[in-house]
Amino acid sequence: MRVHPVVRRLLQAVLVLWAAFTLSFVILYLLPGDAVLTKLGGADGGVTASPQQIAEARAQYGLDEPVLVQYGKRLADALHGDFGTSVSTGDDATHMVLTALPPTLAVTGVALVLAVVFGGGIAILGTYTRVRAVSQFLLSLPPLGTSLPTFWVGLLLIQLFSFRLRLFPALGATGFASLVLPAITLALPTGAIIAQVLAKSLRTQLAEPYIEITRAKGASRRRVHFGHALRNAGLPALTLVGVVAGNLLAGSVVTETVFSRDGLGRVTASAVTAQDIPVVQAVIVLSALFFVLLNLAVDLLYPLLDPRVAVVREKVTAHG
Amino acid sequence: MPGHSPSRLLRAAALALPVLLLTACASAGGAGAGDAGPPRPGGTLRLGLSSNPDCLDPQQVSTNAALNVGRQLVDSLTDQDPKTGAITPWLADKWTVNADSTSFTFHLKPGATFSDGTPVDAGAVKTSFDGIKALGAKALLGASYLATYRSSTVVDPATVRIDFTAPSAQFLQATSTMSLGVLAPAAYKKTAEQRCQGDGLLGSGPFVFTSFKPNQEVVLSKRTGYHWGSPLWAHQGEAYLDKVDYKIVPEPGVRTGSLASGQLDAITDVQPVDEPQFAAGGGFTEPVRPNPGIVFNLHANVTRGVLADVKVRQAVSKGINRPEVTSTVLTKNYKPATSILGSATPLYTDLSKDLAYDPTGAEALLQADGWVPGPDGIRTKNGQRLSASVIFSAVFNQNQSVLELIQQQLRKIGFDLQIQLHTNAEATQLQQAGNYDFLWYNVTRADPDILRQQFSTKTGNRSKLAPGNPLDAVLDQQSATVDPAARKPAAEQAQRLIVEQAYAIPVFELTQVLALGPNAHGVGFEASSRLQLFDAWVSAA
């Protein structure tokens with residue numbers, strides 16, 4: 001039985017979302033304790049609720065029902081976009097995530113642009129230049145960039161540009177100025193990865209026989225580098241963008257904490273710590289949806305860079 | 001995630017940058033006007049909190065971050081003098097309590113209104129108390145204060161009677177807390193969850209809720225026309241500040257740096273490592289107040305292992321060098337424990353002699369009890385090692401360091417303390433199951449009845465004592481009357497029994513350490529060491 005590729009992609013996407021939902025539920029369920037215990041036991045005051053109170057609260061949040069019943073109910077609700085109410089904040093989980101999304105997207109968006117521009121720039125310049133020292137210097141930056149801890153970089157930038165030079169605010173998410181430092185912090189490790197991968201594939205491409213042939217045909221150095229090598233080397237780097245987007249989201253946990261911003265990272269970190277299943281599931285399913293769409297977009301961009309990918313796809317389509 | 005939360009890593013990183021921090025601060029000294037002249041109305045206080053107040057409704061919350069916000073929004077029936085612990089008028093100008101402390105009648109002051117314009121009358125007070133009771137476990141602190149609540153009765157519009165099914169002396173102090181702060185009847189037309197987010201959070205306090213951006217900021221504005229403040233406060237009428245802008249700044253290094261560079265006016269939870277930079281001057285001040293209630297302690301489960309032996313528990317108490325804990329891991333702002341209750345708690349008894357460091361006494365006690373040093377220095381008796389574990393969570397930042405130091409101190413007397421870090425949920429689960437040797441915790445409460453909550457066999461019973469023990473009797477006695485003359489001996493006897501039997505081993509008093517920039521003045525503490533911002537003001541920047 002043959003399925004249309006688009007239908008197959010959609011089925012895959014649904015499967016990914018379901019798996020993300022289920023895995024997050026299983027993991028949170030396997031952890032000792034639950035959101036009610038965290039909430040009723042974790043007060044600064046140190047007062048802990050009586051076992052009866054804990055039982056009552058569990059009943060209020062539907063945590064007293066058998067696991068499979070809880071799972072079924074949550075799944076059914078999630079299909080309607082309802083992930084339930086956060087135990088720790090009392091807010092609607094979907095609302096919490098949707099509110100936290102824009103500030104995170106703003107930072108990660110700017111960070112991604114910075115990472116592509118500077119990461120790509122370093123890789124291209126580093127492989128293009130004939131000055132050995134410049135090349136060595138530029139190509140030594142990416143390994144350094146990946147090894148610096150994000151939180152350390154963030155604190156360092158705050159100390160320099162906010163506390164000492166007073167150019168940017170250290171706190172909050174109001175206006176473009178508050179975006180600059182967190183975006184740079186986040187862009188650094190991501191840009192470094194992009195630079196490493198792109199530089200490596202550029203070098204590989206430049207050593208290929210077809211480059212020699214192109215050169216022999218009299219193509220200029222610039223044309224060889226940008227017209228041929230970069231075009232072919234771009235493919236793995238583009239695939240990487242899908243992966244680094246995940247890095248950016250993970251990095252936002254740290255940057256949002258350092259820069260006192262609201263966002264998906266903060267919401268996720270506190271929800272995981274509190275074992276707040278509704279919120280964690282809303283975050284995970286939404287992120288999974290984001291990745292599914294992103295990778296779909298990357299797939300659709302492939303043929304523009306490499307016609308061979310399109311040929312394969314047409315063949316498949318023809319059989320469908 | 002547990003054990004390696006990002007903020008732990010961040011804190012470690014912050015410690016790696018002290019040089020930059022100090023230079024940043026050194027350049028910030030001249031930022032403010034620094035004059036502490038007469039208070040002026042107007043302006044905004046930008047106040048850095050260390051954690052997100054997940055919920056803003058003071059009736060539902062129990063974290064300091066949230067209580068520090070909620071206190072400004074609601075008034076209480078009574079107030080408590082932070083200096084003497086005495087209960088004083090606020091919304092109620094007088095009250096009577098029956099002989100066995102089961103019935104409390106409050107006479108309300110005229111003229112107070114909620115921010116929706118409705119009067120603070122007996123009906124509103126009844127609706128509010130019924131509302132807290134209905135919250136059940138969602139109102140963790142309120143539920144413990146109202147455990148035996150029977151009902152409220154409107155005697156007349158200005159008089160409300162609140163009845164209990166059992167003697168409840170602690171209730172009088174509880175009426176002074178923000179947890180039993182009074183909300184307008186209209187608030188209960190919203191769900192508990194909506195009130196958490198600020199929707200329907202209608203109090204009669206000196207500030208009103210304005211906006212809440214989770215993980216970022218909470219803004220409160222001055223309540224115009226407010227004139228029913230507590231007589232304990234420094235001035236009467238409206239609050240000085242136009243606005244309070246709480247900024248949520250989880251990373252301690254950023255919090256201190258933001259204050260030093262003038263991006264914030266005041267911060268809470270100054271870390272011990274950061275205290276010196278604000279104590280040094282430069283226009284900065286560092287208000288501190290120890291928390292009342294149960295101090296940080298090793299609470300023993302007397303049914304388990306070596307801790308079943310009272311001599312072992314007493315030896316552990318003698319083997320802990322409390323001044324060394326506060327002077328090395330903490331700072332001089334933190335006091336060594338001198339009782340199981342903090343020194344700021346009403347009816348606290350000074351038992352410092354019983355809690356003096358006495359390693360020789362500890363060793364003699366253990367030797368006489370048959371515990372002899374083994375090859376690794378840890379004592380043994382009949383093949384049993386002198387070892388017990390302590391369960392803790394990272395609610396207070398320095399917990400791990402403090403316990404590591406205690407571990408070293410106890411090793412010197414041949415006692416092996418195993419320290420076990422858990423998430424809050426795990427620690428609560430182990431505590432509920434009774435599955436621990438020692439628990440490490442503190443509780444903030446400005447009333448000695450907190451001892452009954454944790455030690456009575458009818459309530460928390462964290463020591464797992466048998467019913468009918470002498471401690472139970474005195475704990476019941478102190479809960480049966482609000483008369484200090486009768487209550488004091490019982491409360492004192494309870495503290496003495498706990499310390500002498502070492503049911504729990506007190507170590508140090510948790511202290512709130514604030515830092516204020518040159519612009520901020522009058523940021524005060526109420527009796528439970530939470531923020532009171534009514535008298536706070538900012539000088540012109």
# chains A, B, ... in the order shown; residues from 1 in each chain; ligands from 1
>>> residues_around(residues="A:Thr150", least_positions_apart="3", cutoff="12 Å", atoms="only C-alpha atoms", output="CSV table (one decimal) with N, CA, C and O atoms, in the first residue's frame")
chain,number,residue,atom,x,y,z
A,145,GLY,N,34.2,29.3,20.9
A,145,GLY,CA,32.8,29.7,21.1
A,145,GLY,C,32.0,28.6,21.6
A,145,GLY,O,31.1,28.8,22.5
A,146,THR,N,32.2,27.4,21.2
A,146,THR,CA,31.4,26.2,21.7
A,146,THR,C,31.8,25.9,23.1
A,146,THR,O,31.0,25.3,23.8
A,147,SER,N,33.0,26.2,23.5
A,147,SER,CA,33.4,25.7,24.8
A,147,SER,C,33.1,26.7,25.9
A,147,SER,O,33.2,26.4,27.1
A,153,VAL,N,29.2,33.6,29.8
A,153,VAL,CA,29.2,34.7,28.8
A,153,VAL,C,28.2,35.7,29.1
A,153,VAL,O,28.4,36.9,29.1
A,154,GLY,N,26.9,35.3,29.5
A,154,GLY,CA,25.9,36.2,29.8
A,154,GLY,C,26.2,37.1,31.0
A,154,GLY,O,26.1,38.3,30.9
A,155,LEU,N,26.8,36.5,32.0
A,155,LEU,CA,27.1,37.3,33.2
A,155,LEU,C,28.2,38.3,32.9
A,155,LEU,O,28.2,39.5,33.3
A,156,LEU,N,29.2,37.9,32.0
A,156,LEU,CA,30.3,38.7,31.6
A,156,LEU,C,29.8,39.9,30.8
A,156,LEU,O,30.2,41.1,31.1
A,157,LEU,N,28.9,39.7,29.9
A,157,LEU,CA,28.3,40.7,29.1
A,157,LEU,C,27.5,41.7,29.9
A,157,LEU,O,27.6,42.9,29.8
A,181,LEU,N,21.8,42.0,24.6
A,181,LEU,CA,22.8,41.2,25.3
A,181,LEU,C,22.3,39.7,25.3
A,181,LEU,O,23.1,38.8,25.1
A,182,PRO,N,21.1,39.4,25.7
A,182,PRO,CA,20.7,38.0,25.6
A,182,PRO,C,20.8,37.4,24.2
A,182,PRO,O,21.2,36.2,24.1
A,183,ALA,N,20.5,38.1,23.2
A,183,ALA,CA,20.6,37.6,21.8
A,183,ALA,C,22.1,37.2,21.5
A,183,ALA,O,22.4,36.2,21.0
A,184,ILE,N,23.0,38.1,21.9
A,184,ILE,CA,24.4,37.9,21.7
A,184,ILE,C,24.9,36.6,22.4
A,184,ILE,O,25.6,35.7,21.9
A,185,THR,N,24.5,36.5,23.7
A,185,THR,CA,24.8,35.4,24.5
A,185,THR,C,24.4,34.1,23.9
A,185,THR,O,25.1,33.1,23.9
A,186,LEU,N,23.2,34.1,23.4
A,186,LEU,CA,22.6,32.9,22.8
A,186,LEU,C,23.2,32.6,21.4
A,186,LEU,O,23.3,31.4,21.1
A,187,ALA,N,23.5,33.7,20.7
A,187,ALA,CA,24.1,33.5,19.3
A,187,ALA,C,25.5,32.9,19.4
A,187,ALA,O,25.9,32.2,18.4
A,188,LEU,N,26.2,33.1,20.4
A,188,LEU,CA,27.6,32.7,20.5
A,188,LEU,C,27.8,31.2,20.2
A,188,LEU,O,28.5,30.8,19.3
A,189,PRO,N,27.2,30.4,21.1
A,189,PRO,CA,27.5,28.9,20.9
A,189,PRO,C,26.9,28.5,19.5
A,189,PRO,O,27.5,27.6,18.9
A,190,THR,N,25.7,29.0,19.2
A,190,THR,CA,25.1,28.6,18.0
A,190,THR,C,25.8,29.0,16.7
A,190,THR,O,26.1,28.2,15.8
A,247,ASN,N,18.9,24.0,20.0
A,247,ASN,CA,19.9,24.5,20.9
A,247,ASN,C,19.5,25.9,21.5
A,247,ASN,O,19.7,26.2,22.6
A,248,LEU,N,19.0,26.7,20.6
A,248,LEU,CA,18.6,28.1,21.0
A,248,LEU,C,17.5,28.0,22.1
A,248,LEU,O,17.6,28.7,23.1
A,250,ALA,N,16.9,25.5,24.1
A,250,ALA,CA,17.5,25.0,25.3
A,250,ALA,C,18.3,26.1,26.0
A,250,ALA,O,18.3,26.3,27.2
A,251,GLY,N,19.1,26.9,25.2
A,251,GLY,CA,19.9,27.9,25.8
A,251,GLY,C,19.1,29.0,26.4
A,251,GLY,O,19.6,29.8,27.3
A,252,SER,N,17.8,29.1,26.0
A,252,SER,CA,17.0,30.2,26.5
A,252,SER,C,16.7,30.0,28.0
A,252,SER,O,16.4,31.0,28.7
A,253,VAL,N,16.8,28.8,28.5
A,253,VAL,CA,16.6,28.5,29.9
A,253,VAL,C,17.6,29.3,30.7
A,253,VAL,O,17.3,30.0,31.6
A,254,VAL,N,18.9,29.3,30.2
A,254,VAL,CA,20.0,30.0,30.9
A,254,VAL,C,19.9,31.5,30.7
A,254,VAL,O,19.9,32.3,31.6
A,255,THR,N,19.8,31.9,29.4
A,255,THR,CA,19.8,33.3,29.1
A,255,THR,C,18.6,34.0,29.8
A,255,THR,O,18.8,35.1,30.4
A,256,GLU,N,17.5,33.4,29.8
A,256,GLU,CA,16.3,34.1,30.4
A,256,GLU,C,16.5,34.2,32.0
A,256,GLU,O,16.0,35.1,32.6
A,257,THR,N,17.2,33.2,32.6
A,257,THR,CA,17.4,33.3,34.0
A,257,THR,C,18.4,34.4,34.3
A,257,THR,O,18.2,35.3,35.1
A,258,VAL,N,19.5,34.5,33.5
A,258,VAL,CA,20.6,35.5,33.7
A,258,VAL,C,20.0,36.9,33.5
A,258,VAL,O,20.2,37.8,34.2
A,259,PHE,N,19.2,37.0,32.4
A,259,PHE,CA,18.7,38.4,32.0
A,259,PHE,C,17.3,38.7,32.6
A,259,PHE,O,16.7,39.6,32.2
B,6,PRO,N,19.8,25.0,36.7
B,6,PRO,CA,20.7,26.1,36.1
B,6,PRO,C,21.1,27.1,37.0
B,6,PRO,O,22.2,27.6,37.0
B,9,LEU,N,24.2,26.4,38.9
B,9,LEU,CA,25.4,26.7,38.0
B,9,LEU,C,25.7,28.1,37.9
B,9,LEU,O,26.8,28.6,38.0
B,10,LEU,N,24.6,28.9,37.8
B,10,LEU,CA,24.7,30.3,37.6
B,10,LEU,C,25.4,30.9,38.9
B,10,LEU,O,26.2,31.8,38.8
B,13,ALA,N,28.9,30.4,38.8
B,13,ALA,CA,29.5,31.3,37.9
B,13,ALA,C,29.6,32.7,38.4
B,13,ALA,O,30.6,33.4,38.2
>>> select_by_dssp(residues="stretch 456-486 of chain B", states="alpha helix (DSSP H)", output="PyMOL selection string")
chain B and resi 470-479+484-486
>>> write_last_selection(atoms="N, CA and C atoms", output="PDB file, in the first residue's frame")
ATOM      1  N   PRO B 470       5.146  14.065  77.740  1.00  0.00           N
ATOM      2  CA  PRO B 470       5.062  15.349  78.468  1.00  0.00           C
ATOM      3  C   PRO B 470       5.050  16.561  77.531  1.00  0.00           C
ATOM      4  N   LEU B 471       5.685  16.455  76.367  1.00  0.00           N
ATOM      5  CA  LEU B 471       5.716  17.582  75.442  1.00  0.00           C
ATOM      6  C   LEU B 471       4.308  17.886  74.929  1.00  0.00           C
ATOM      7  N   ASP B 472       3.558  16.853  74.584  1.00  0.00           N
ATOM      8  CA  ASP B 472       2.179  17.031  74.114  1.00  0.00           C
ATOM      9  C   ASP B 472       1.377  17.872  75.096  1.00  0.00           C
ATOM     10  N   ALA B 473       1.525  17.568  76.377  1.00  0.00           N
ATOM     11  CA  ALA B 473       0.737  18.257  77.398  1.00  0.00           C
ATOM     12  C   ALA B 473       1.028  19.751  77.406  1.00  0.00           C
ATOM     13  N   VAL B 474       2.308  20.149  77.380  1.00  0.00           N
ATOM     14  CA  VAL B 474       2.603  21.584  77.443  1.00  0.00           C
ATOM     15  C   VAL B 474       2.261  22.277  76.133  1.00  0.00           C
ATOM     16  N   LEU B 475       2.368  21.541  75.020  1.00  0.00           N
ATOM     17  CA  LEU B 475       1.990  22.142  73.737  1.00  0.00           C
ATOM     18  C   LEU B 475       0.489  22.448  73.725  1.00  0.00           C
ATOM     19  N   ASP B 476      -0.308  21.544  74.284  1.00  0.00           N
ATOM     20  CA  ASP B 476      -1.751  21.793  74.382  1.00  0.00           C
ATOM     21  C   ASP B 476      -2.036  22.963  75.306  1.00  0.00           C
ATOM     22  N   GLN B 477      -1.301  23.023  76.431  1.00  0.00           N
ATOM     23  CA  GLN B 477      -1.507  24.120  77.386  1.00  0.00           C
ATOM     24  C   GLN B 477      -1.293  25.478  76.738  1.00  0.00           C
ATOM     25  N   GLN B 478      -0.197  25.626  75.981  1.00  0.00           N
ATOM     26  CA  GLN B 478       0.082  26.942  75.404  1.00  0.00           C
ATOM     27  C   GLN B 478      -0.920  27.298  74.309  1.00  0.00           C
ATOM     28  N   SER B 479      -1.619  26.301  73.759  1.00  0.00           N
ATOM     29  CA  SER B 479      -2.589  26.616  72.703  1.00  0.00           C
ATOM     30  C   SER B 479      -3.955  26.945  73.271  1.00  0.00           C
ATOM     31  N   PRO B 484      -0.674  35.802  77.999  1.00  0.00           N
ATOM     32  CA  PRO B 484       0.765  35.513  78.023  1.00  0.00           C
ATOM     33  C   PRO B 484       1.253  34.990  79.375  1.00  0.00           C
ATOM     34  N   ALA B 485       0.628  35.444  80.460  1.00  0.00           N
ATOM     35  CA  ALA B 485       1.088  35.020  81.781  1.00  0.00           C
ATOM     36  C   ALA B 485       0.906  33.515  81.963  1.00  0.00           C
ATOM     37  N   ALA B 486      -0.183  32.981  81.415  1.00  0.00           N
ATOM     38  CA  ALA B 486      -0.418  31.543  81.528  1.00  0.00           C
ATOM     39  C   ALA B 486       0.288  30.780  80.400  1.00  0.00           C
TER      40      ALA B 486
END
>>> interface_residues(of="chain B", to="chain A", cutoff="6 Å", atoms="only C-alpha atoms", output="mmCIF file with all heavy atoms, in the first residue's frame")
data_model
loop_
_atom_site.group_PDB
_atom_site.id
_atom_site.type_symbol
_atom_site.label_atom_id
_atom_site.label_comp_id
_atom_site.auth_asym_id
_atom_site.auth_seq_id
_atom_site.Cartn_x
_atom_site.Cartn_y
_atom_site.Cartn_z
ATOM 1 N N ALA B 13 28.868 30.417 38.808
ATOM 2 C CA ALA B 13 29.502 31.315 37.860
ATOM 3 C C ALA B 13 29.628 32.715 38.445
ATOM 4 O O ALA B 13 30.630 33.392 38.248
ATOM 5 C CB ALA B 13 28.685 31.374 36.574
ATOM 6 N N ALA B 24 32.551 47.016 39.440
ATOM 7 C CA ALA B 24 31.288 47.600 39.016
ATOM 8 C C ALA B 24 30.665 48.385 40.158
ATOM 9 O O ALA B 24 30.108 49.456 39.961
ATOM 10 C CB ALA B 24 30.321 46.511 38.554
ATOM 11 N N ASP B 54 4.586 32.790 42.109
ATOM 12 C CA ASP B 54 3.717 32.088 41.163
ATOM 13 C C ASP B 54 2.273 32.569 41.254
ATOM 14 O O ASP B 54 1.562 32.638 40.268
ATOM 15 C CB ASP B 54 3.772 30.573 41.412
ATOM 16 C CG ASP B 54 5.106 29.994 40.979
ATOM 17 O OD1 ASP B 54 5.696 30.546 40.037
ATOM 18 O OD2 ASP B 54 5.561 29.006 41.576
ATOM 19 N N CYS B 55 1.861 32.871 42.481
ATOM 20 C CA CYS B 55 0.487 33.307 42.729
ATOM 21 C C CYS B 55 0.568 34.556 43.596
ATOM 22 O O CYS B 55 1.456 34.665 44.431
ATOM 23 C CB CYS B 55 -0.256 32.187 43.459
ATOM 24 S SG CYS B 55 -1.860 32.639 44.123
ATOM 25 N N SER B 62 2.576 30.783 50.057
ATOM 26 C CA SER B 62 3.395 30.564 51.248
ATOM 27 C C SER B 62 4.875 30.828 51.001
ATOM 28 O O SER B 62 5.678 30.633 51.892
ATOM 29 C CB SER B 62 3.189 29.137 51.764
ATOM 30 O OG SER B 62 3.345 28.224 50.705
ATOM 31 N N THR B 63 5.252 31.290 49.812
ATOM 32 C CA THR B 63 6.665 31.622 49.605
ATOM 33 C C THR B 63 6.904 33.086 49.970
ATOM 34 O O THR B 63 6.003 33.919 49.837
ATOM 35 C CB THR B 63 7.101 31.417 48.145
ATOM 36 O OG1 THR B 63 6.369 32.322 47.314
ATOM 37 C CG2 THR B 63 6.836 29.999 47.688
ATOM 38 N N ALA B 137 -6.552 22.959 50.887
ATOM 39 C CA ALA B 137 -5.098 22.839 50.832
ATOM 40 C C ALA B 137 -4.463 23.914 49.961
ATOM 41 O O ALA B 137 -3.260 24.141 50.039
ATOM 42 C CB ALA B 137 -4.712 21.456 50.325
ATOM 43 N N GLU B 193 -7.904 30.483 41.056
ATOM 44 C CA GLU B 193 -6.859 30.603 40.036
ATOM 45 C C GLU B 193 -6.807 32.017 39.464
ATOM 46 O O GLU B 193 -5.738 32.552 39.209
ATOM 47 C CB GLU B 193 -7.097 29.595 38.897
ATOM 48 C CG GLU B 193 -6.766 28.149 39.255
ATOM 49 C CD GLU B 193 -7.791 27.504 40.167
ATOM 50 O OE1 GLU B 193 -8.938 28.000 40.219
ATOM 51 O OE2 GLU B 193 -7.456 26.516 40.852
ATOM 52 N N ASN B 215 7.395 35.899 35.858
ATOM 53 C CA ASN B 215 8.848 35.813 35.667
ATOM 54 C C ASN B 215 9.493 37.151 35.359
ATOM 55 O O ASN B 215 10.672 37.215 35.043
ATOM 56 C CB ASN B 215 9.222 34.838 34.542
ATOM 57 C CG ASN B 215 8.932 33.420 34.936
ATOM 58 O OD1 ASN B 215 9.160 33.042 36.086
ATOM 59 N ND2 ASN B 215 8.422 32.636 34.011
ATOM 60 N N GLN B 216 8.740 38.231 35.408
ATOM 61 C CA GLN B 216 9.328 39.503 35.047
ATOM 62 C C GLN B 216 9.038 40.610 36.055
ATOM 63 O O GLN B 216 9.964 41.127 36.653
ATOM 64 C CB GLN B 216 8.831 39.920 33.680
ATOM 65 C CG GLN B 216 9.796 40.834 32.986
ATOM 66 C CD GLN B 216 9.784 40.565 31.512
ATOM 67 O OE1 GLN B 216 9.985 39.428 31.093
ATOM 68 N NE2 GLN B 216 9.511 41.571 30.742
ATOM 69 N N VAL B 249 14.342 38.839 39.686
ATOM 70 C CA VAL B 249 15.727 38.690 39.253
ATOM 71 C C VAL B 249 16.313 37.459 39.946
ATOM 72 O O VAL B 249 16.852 37.551 41.046
ATOM 73 C CB VAL B 249 16.557 39.942 39.617
ATOM 74 C CG1 VAL B 249 17.933 39.879 38.978
ATOM 75 C CG2 VAL B 249 15.841 41.211 39.188
ATOM 76 N N GLU B 251 18.909 35.513 39.419
ATOM 77 C CA GLU B 251 20.353 35.314 39.534
ATOM 78 C C GLU B 251 20.937 36.312 40.544
ATOM 79 O O GLU B 251 20.880 37.523 40.325
ATOM 80 C CB GLU B 251 20.962 35.485 38.137
ATOM 81 C CG GLU B 251 22.454 35.493 38.055
ATOM 82 C CD GLU B 251 23.092 34.387 38.830
ATOM 83 O OE1 GLU B 251 22.562 33.266 38.845
ATOM 84 O OE2 GLU B 251 24.128 34.653 39.455
ATOM 85 N N SER B 261 24.513 49.213 40.332
ATOM 86 C CA SER B 261 24.587 50.108 39.175
ATOM 87 C C SER B 261 23.358 50.998 39.049
ATOM 88 O O SER B 261 23.209 51.707 38.054
ATOM 89 C CB SER B 261 24.770 49.285 37.901
ATOM 90 O OG SER B 261 23.619 48.503 37.669
ATOM 91 N N ASN B 424 12.156 19.334 46.345
ATOM 92 C CA ASN B 424 11.098 19.593 47.319
ATOM 93 C C ASN B 424 10.107 18.449 47.391
ATOM 94 O O ASN B 424 9.696 18.034 48.467
ATOM 95 C CB ASN B 424 10.339 20.864 46.945
ATOM 96 C CG ASN B 424 11.144 22.096 47.236
ATOM 97 O OD1 ASN B 424 12.032 22.074 48.073
ATOM 98 N ND2 ASN B 424 10.845 23.162 46.531
ATOM 99 N N ALA B 425 9.703 17.960 46.200
ATOM 100 C CA ALA B 425 8.686 16.905 46.169
ATOM 101 C C ALA B 425 9.201 15.640 46.841
ATOM 102 O O ALA B 425 8.496 15.013 47.634
ATOM 103 C CB ALA B 425 8.285 16.619 44.728
ATOM 104 N N GLU B 426 10.464 15.283 46.555
ATOM 105 C CA GLU B 426 11.029 14.077 47.176
ATOM 106 C C GLU B 426 11.128 14.242 48.682
ATOM 107 O O GLU B 426 10.776 13.344 49.447
ATOM 108 C CB GLU B 426 12.440 13.809 46.626
ATOM 109 C CG GLU B 426 12.470 13.300 45.212
ATOM 110 C CD GLU B 426 13.899 13.264 44.664
ATOM 111 O OE1 GLU B 426 14.727 14.111 45.058
ATOM 112 O OE2 GLU B 426 14.175 12.396 43.844
ATOM 113 N N THR B 428 9.416 16.166 50.640
ATOM 114 C CA THR B 428 8.088 16.123 51.247
ATOM 115 C C THR B 428 7.571 14.688 51.328
ATOM 116 O O THR B 428 6.988 14.281 52.332
ATOM 117 C CB THR B 428 7.103 16.979 50.437
ATOM 118 O OG1 THR B 428 7.675 18.264 50.242
ATOM 119 C CG2 THR B 428 5.780 17.128 51.150
ATOM 120 N N ASN B 442 13.331 24.968 58.300
ATOM 121 C CA ASN B 442 12.910 26.000 59.253
ATOM 122 C C ASN B 442 11.471 26.366 58.923
ATOM 123 O O ASN B 442 10.983 26.045 57.844
ATOM 124 C CB ASN B 442 13.812 27.228 59.179
ATOM 125 C CG ASN B 442 13.380 28.167 58.085
ATOM 126 O OD1 ASN B 442 13.165 27.749 56.944
ATOM 127 N ND2 ASN B 442 13.232 29.438 58.408
ATOM 128 N N VAL B 443 10.775 27.003 59.844
ATOM 129 C CA VAL B 443 9.424 27.494 59.585
ATOM 130 C C VAL B 443 9.307 28.904 60.135
ATOM 131 O O VAL B 443 9.686 29.154 61.275
ATOM 132 C CB VAL B 443 8.329 26.658 60.280
ATOM 133 C CG1 VAL B 443 6.960 27.008 59.704
ATOM 134 C CG2 VAL B 443 8.583 25.184 60.174
ATOM 135 N N THR B 444 8.768 29.830 59.330
ATOM 136 C CA THR B 444 8.575 31.197 59.790
ATOM 137 C C THR B 444 7.172 31.341 60.371
ATOM 138 O O THR B 444 6.193 31.060 59.694
ATOM 139 C CB THR B 444 8.759 32.182 58.624
ATOM 140 O OG1 THR B 444 10.075 32.006 58.108
ATOM 141 C CG2 THR B 444 8.587 33.610 59.095
#
>>> residues_around(residues="A:Phe25", least_positions_apart="4", cutoff="8 Å", atoms="only C-alpha atoms", output="list in words")
Phe21, Tyr29, Tyr71, Ile277 and Gln281 of chain A
>>> write_last_selection(atoms="all heavy atoms", output="CSV table (one decimal), in the first residue's frame")
chain,number,residue,atom,x,y,z
A,21,PHE,N,4.2,13.9,23.7
A,21,PHE,CA,3.2,14.0,24.7
A,21,PHE,C,3.3,12.9,25.7
A,21,PHE,O,3.4,13.0,26.9
A,21,PHE,CB,1.8,14.1,24.1
A,21,PHE,CG,0.7,14.2,25.1
A,21,PHE,CD1,0.2,15.4,25.4
A,21,PHE,CD2,0.2,13.0,25.7
A,21,PHE,CE1,-0.8,15.5,26.4
A,21,PHE,CE2,-0.9,13.2,26.6
A,21,PHE,CZ,-1.4,14.4,26.9
A,29,TYR,N,5.7,11.2,35.3
A,29,TYR,CA,5.0,10.2,36.2
A,29,TYR,C,6.0,9.4,37.0
A,29,TYR,O,5.8,9.0,38.1
A,29,TYR,CB,4.0,9.4,35.4
A,29,TYR,CG,3.2,8.5,36.4
A,29,TYR,CD1,2.1,9.0,37.1
A,29,TYR,CD2,3.6,7.2,36.6
A,29,TYR,CE1,1.4,8.2,38.0
A,29,TYR,CE2,2.9,6.4,37.5
A,29,TYR,CZ,1.8,6.9,38.2
A,29,TYR,OH,1.1,6.1,39.1
A,71,TYR,N,-3.9,9.9,31.9
A,71,TYR,CA,-3.2,10.0,30.6
A,71,TYR,C,-4.3,10.1,29.5
A,71,TYR,O,-4.2,11.0,28.7
A,71,TYR,CB,-2.4,8.7,30.3
A,71,TYR,CG,-1.9,8.7,28.9
A,71,TYR,CD1,-0.8,9.4,28.6
A,71,TYR,CD2,-2.5,7.9,28.0
A,71,TYR,CE1,-0.3,9.4,27.3
A,71,TYR,CE2,-2.0,7.8,26.7
A,71,TYR,CZ,-0.9,8.6,26.3
A,71,TYR,OH,-0.4,8.6,25.1
A,277,ILE,N,2.9,18.9,35.3
A,277,ILE,CA,2.7,18.1,34.1
A,277,ILE,C,2.0,18.9,33.0
A,277,ILE,O,2.4,19.0,31.8
A,277,ILE,CB,1.9,16.8,34.3
A,277,ILE,CG1,2.8,15.9,35.3
A,277,ILE,CG2,1.7,16.0,33.0
A,277,ILE,CD1,2.1,14.6,35.6
A,281,GLN,N,3.9,19.5,29.4
A,281,GLN,CA,3.3,18.9,28.2
A,281,GLN,C,3.0,20.0,27.1
A,281,GLN,O,3.2,19.8,25.9
A,281,GLN,CB,2.1,18.1,28.5
A,281,GLN,CG,2.5,16.9,29.3
A,281,GLN,CD,1.5,15.8,29.2
A,281,GLN,OE1,0.3,16.0,29.5
A,281,GLN,NE2,2.0,14.6,28.9
